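K.L.:
What follows is a structure written as structure tokens; I'll ask about it next.
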Amino acid sequence: MSESKPPITEELTRSQKAFVEAPEPIQRLIRQVLAEERQVMHLSSKTGTSIHQKILDQVKSVIR
Amino acid sequence: MKIEKLIVENFRQFRGRQELVFATEDDRNITVVHGENGFGKTALLNALLWGFYGHIGLSEDFPKKESILNLTEAAIARDPEMAEASVIIQFEHEGVKYTLRRSLTLAQQKADSRKTELRMEFIRDSQPFHEPQPQQRILSFMPFGISPLLFFNGEQIDHLAMEEHASRVTEAIHQMLGLKLIRSTINDLRHQSVRGKLRSELREKTSDEKKALIDRQASIDETIEQHKQRKFTEQDNLASIRSDLAKVEDKLLANRTVHELQKRRKELKSRQTTLTERRDQVQQKLAQIIAEDGFTLFSADLVQDGRKLVTDLRSEGAIPARVLNSFIEELLQGSNCICHRPLTEGSPERQAVEQLLSRAGDAHFNNAVGALDNALGVLESTRTRTADSLRESNNERLAIAEDLIQIGEDLTAISKRIKDDGKDDEEAADLESERSRLDLRERECSGEINRLEGRLLQLTEERAGLTRDIERLDDKEAAAQLAQKRLDAVEHSADLLEQILEIETEELRPLLNDEIKKHFQQIIDRPYWPELSDGFVLSIRQRVMAEDLEDPLIMEVGPSTGQRQVTSLVFIASLVALAKQRAKIPTILRGLSGSEYPIVMDSPFGSLSTRFREGVSRWIPSLAPQVLVMVSKTQYHGAVEDTFDKMKKVGRRYYLQLHGPGLEQREDDFLVLDKKRYQQYFQATEDRTSIEEISE
């Protein structure tokens, strides 16, 4: 499931408001990192998932 | 998820193949397993945990975790590769039927019992499919973190309703309601391999001055993490000390020699807790008064001087001014007097009016003195009010302090008297010594937690200061600027997620409280109820009426083990209920769907009074869509049996038979259900347990 941006027309919750008020690159970074985390969230051990490298790659691709 | 069948084969005391079919009908959703202590109820609970999660899933109270294979099977095995323990679980999840099989051979058990073999198949469109990643699949249906909330020993569940376990309550909310994803994202963003790596990259490219600050910040982060871990450990220690202390105090209460003294001590300690809380509130109020209005207490001289100034100006006739200079200036500008005489330049009339300018008052000055006069009035009344409030609060603080000293002395006297009485009652003396020891440890532990919290606050402030210092130092090189930008983005993202997690957890609190109250009311109709407080502490509140009070007082009560157990059960049930409607609860996370979970409870009635037993058994069908209850004869007979019989919600019923050398069935040891007798003990050459179904 993609981490799409909540539509502005909806009445936003406090947390959604905090999220959309953040700078766009931060929003994008969070969405992409959450998407990576979703892939490994059910694992009891993250060893060998290279999640940290994937997050690092996301940071470097979003913040240039 | 609904569990349809559990098959155990050579798993611990279950030798050979044993089956247990679960009740799955909505109107008969309870499965009961009757079994005495030591028959294998805990092993059955662990068979489910082992089946779903393997070695890591086994509960803390399950002894010899490395020994899964039935001992007789292991002893007679000729080929260690052929002797095998296995658990098969058939279940249905979101319309798909699954069969999982976990097994462990004797050879593997000897090598490493944690390495089990897991296979899973599912049926879709009447076709069987092999699941290539069975463990990952199971964890996606039922994350490991929620297993202690779904499969548990009812007698040990009361810890959730202990103040020092607020963090576990929050963790349970995060786990069960899907917010764990945010928590693990925050942790990974701040991980050494992410934030640490970015910090190293920046360190390589930045100035020496900034490098030193970055190093200091990294070191503080490490210290913060260590302090947090130590705090968690101390909180666990405190919970265990308090639990031991409660047990010793219960024993003292049950002791005839010291019963009255212990009863009095309990009352005094309850009053001590209430007074200590009140003292803290009063001290907070005093601090607030001093912070907000304390300065007014030092304004007496200033007010006096100001008042003198205003009075002097009044007596001099400077204020209020009889004629304002702005009025005179208007007349001169219009060249016409108020008496209609022309005020032409050089005329004696104009000169006379011009002379008035030197005596006329200034409008701004007039207004300023008025404002000063008013401000002096406000300052004076605030000073009086502040002094009164301070006096009142301080008197209360002193009175409380005196009461607390008196209570302390009374408690010391009680302890001494119990020890003295103990000359004739050794048990009382021993219990009192143990109580004193635990009491001291409790105070030491609480002190250490307070110290760690204070240090954490200092470190957090120091870290914030360093962040500001780092931000002030601009990098000249583009590479360093980029590295800083990336590090800032990671910090910002983690901080924002932390804030979001806090908001979402906080917003779930009223929803959970509604569920908690709803569930608790189904159990017992009494003037008290459990509540999830601001700090995520599960507490019990009571409505207290008194003759001289217009409105009832709402007070927190020190819960008994039984009350804590019920509160914890109700909390879990509320989480299970909310998890089912998760999709409707707003979150920044997309695609969180509702999930149904079964609940498996070992001995849920153990520490409960008859009143609670009846209420809990009446409520169990609504606890979760599917419930398995394992219960001993003494826990079942009476209130639970009567309620279950009346409700007719039990879909399946089993009992455990214990076989072994020297086990003869005594007349008074039969399990009697609905006037039928079931033999529980069987004389045999080997120790084993079997599962037998009872037809409803």
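Convention: chains lettered A, B, ... in structure tokens order; per-chain residue numbering from 1; ligands numbered from 1 as shown.
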Residues within 12 Å of Val40 of chain A, please, as number ranges by chain. Count only C-alpha atoms; anything in the same chain fewer than 4 positions from it doesn't count.

P.N.:
A: 33-36, 44-52, 54; B: 136-137, 139-140, 143, 180-181, 184-185, 188

K.L.:
Within 8 Å of chain A, which residues of chain B show up when using only C-alpha atoms, listed as a PyMOL selection string?

P.N.:
chain B and resi 136+139-140+143-144+181-182+184-185+188-189+191+193-194+482+485-486+489-490+492-493+496+499-501+503-504+586-591

K.L.:
Could you find all residues in segment 496-622 of chain B that DSSP calls alpha helix (DSSP H) from the backbone, and write them as a PyMOL selection string?

P.N.:
chain B and resi 496-523+561-580+610-619

K.L.:
Work out how far atom CA of Glu354 of chain B is from atom CA of Arg341 of chain B, in Å to one decimal.

P.N.:
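Distance between the two atoms: 14.1 Å.
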
K.L.:
Suppose you want the space between atom CA of Lys269 of chain B and atom CA of Gln235 of chain B; what is it in Å?

P.N.:
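Taking atom CA of Lys269 of chain B and atom CA of Gln235 of chain B, their separation equals 21.1 Å.
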
K.L.:
For Val32 of chain B, work out the shell of residues within 9 Å, counting only C-alpha atoms and skipping chain neighbours fewer than 6 positions away, then give it as a list in words.

P.N.:
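Residues meeting the cut-off are Val627, Leu628, Val629, Met630, Val631, Val650, Gly651, Arg652, Arg653, Tyr654 and Tyr655 of chain B.
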
K.L.:
Enter the distance from atom CA of Glu171 of chain B to atom CA of Leu508 of chain B, in Å, rounded to one decimal.

P.N.:
12.9 Å

K.L.:
I'd like to know which of B:Glu260, B:Asp280, B:Asp475, B:Glu4 is closest to Ile418 of chain B, using only C-alpha atoms.

P.N.:
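Among B:Glu260, B:Asp280, B:Asp475, B:Glu4, it is B:Glu260 that comes nearest to Ile418 of chain B.
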
K.L.:
Please list as a PDB file with N, CA and C atoms, in the first residue's frame every residue within 12 Å of Asp668 of chain B, counting only C-alpha atoms and excluding residues in the same chain fewer than 6 positions away.

P.N.:
```pdb
ATOM      1  N   LYS B 633     -10.198 -27.261  38.146  1.00  0.00           N
ATOM      2  CA  LYS B 633     -11.484 -27.599  38.751  1.00  0.00           C
ATOM      3  C   LYS B 633     -11.900 -26.544  39.788  1.00  0.00           C
ATOM      4  N   ARG B 677     -19.171 -37.669  35.893  1.00  0.00           N
ATOM      5  CA  ARG B 677     -17.829 -37.713  36.485  1.00  0.00           C
ATOM      6  C   ARG B 677     -16.803 -38.103  35.418  1.00  0.00           C
ATOM      7  N   TYR B 678     -15.696 -37.392  35.416  1.00  0.00           N
ATOM      8  CA  TYR B 678     -14.638 -37.689  34.441  1.00  0.00           C
ATOM      9  C   TYR B 678     -13.349 -38.007  35.189  1.00  0.00           C
ATOM     10  N   GLN B 679     -12.785 -39.177  34.881  1.00  0.00           N
ATOM     11  CA  GLN B 679     -11.547 -39.586  35.544  1.00  0.00           C
ATOM     12  C   GLN B 679     -10.382 -38.747  35.009  1.00  0.00           C
ATOM     13  N   GLN B 680      -9.596 -38.208  35.915  1.00  0.00           N
ATOM     14  CA  GLN B 680      -8.488 -37.337  35.486  1.00  0.00           C
ATOM     15  C   GLN B 680      -7.118 -37.991  35.654  1.00  0.00           C
ATOM     16  N   TYR B 681      -7.016 -38.920  36.615  1.00  0.00           N
ATOM     17  CA  TYR B 681      -5.711 -39.537  36.909  1.00  0.00           C
ATOM     18  C   TYR B 681      -5.713 -40.991  36.457  1.00  0.00           C
TER      19      TYR B 681
END
```

K.L.:
Using only C-alpha atoms, which protein or nucleic acid residues come within 7 Å of segment 84-92 of chain B? Drop anything in the same chain fewer than 2 positions from it, and give the result as JSON, numbers by chain.

P.N.:
{"B": [1, 2, 3, 4, 5, 6, 7, 8, 9, 10, 11, 47, 51, 68, 69, 82, 94, 95, 96, 97, 98, 99, 100, 101, 102, 103, 104, 105, 106]}
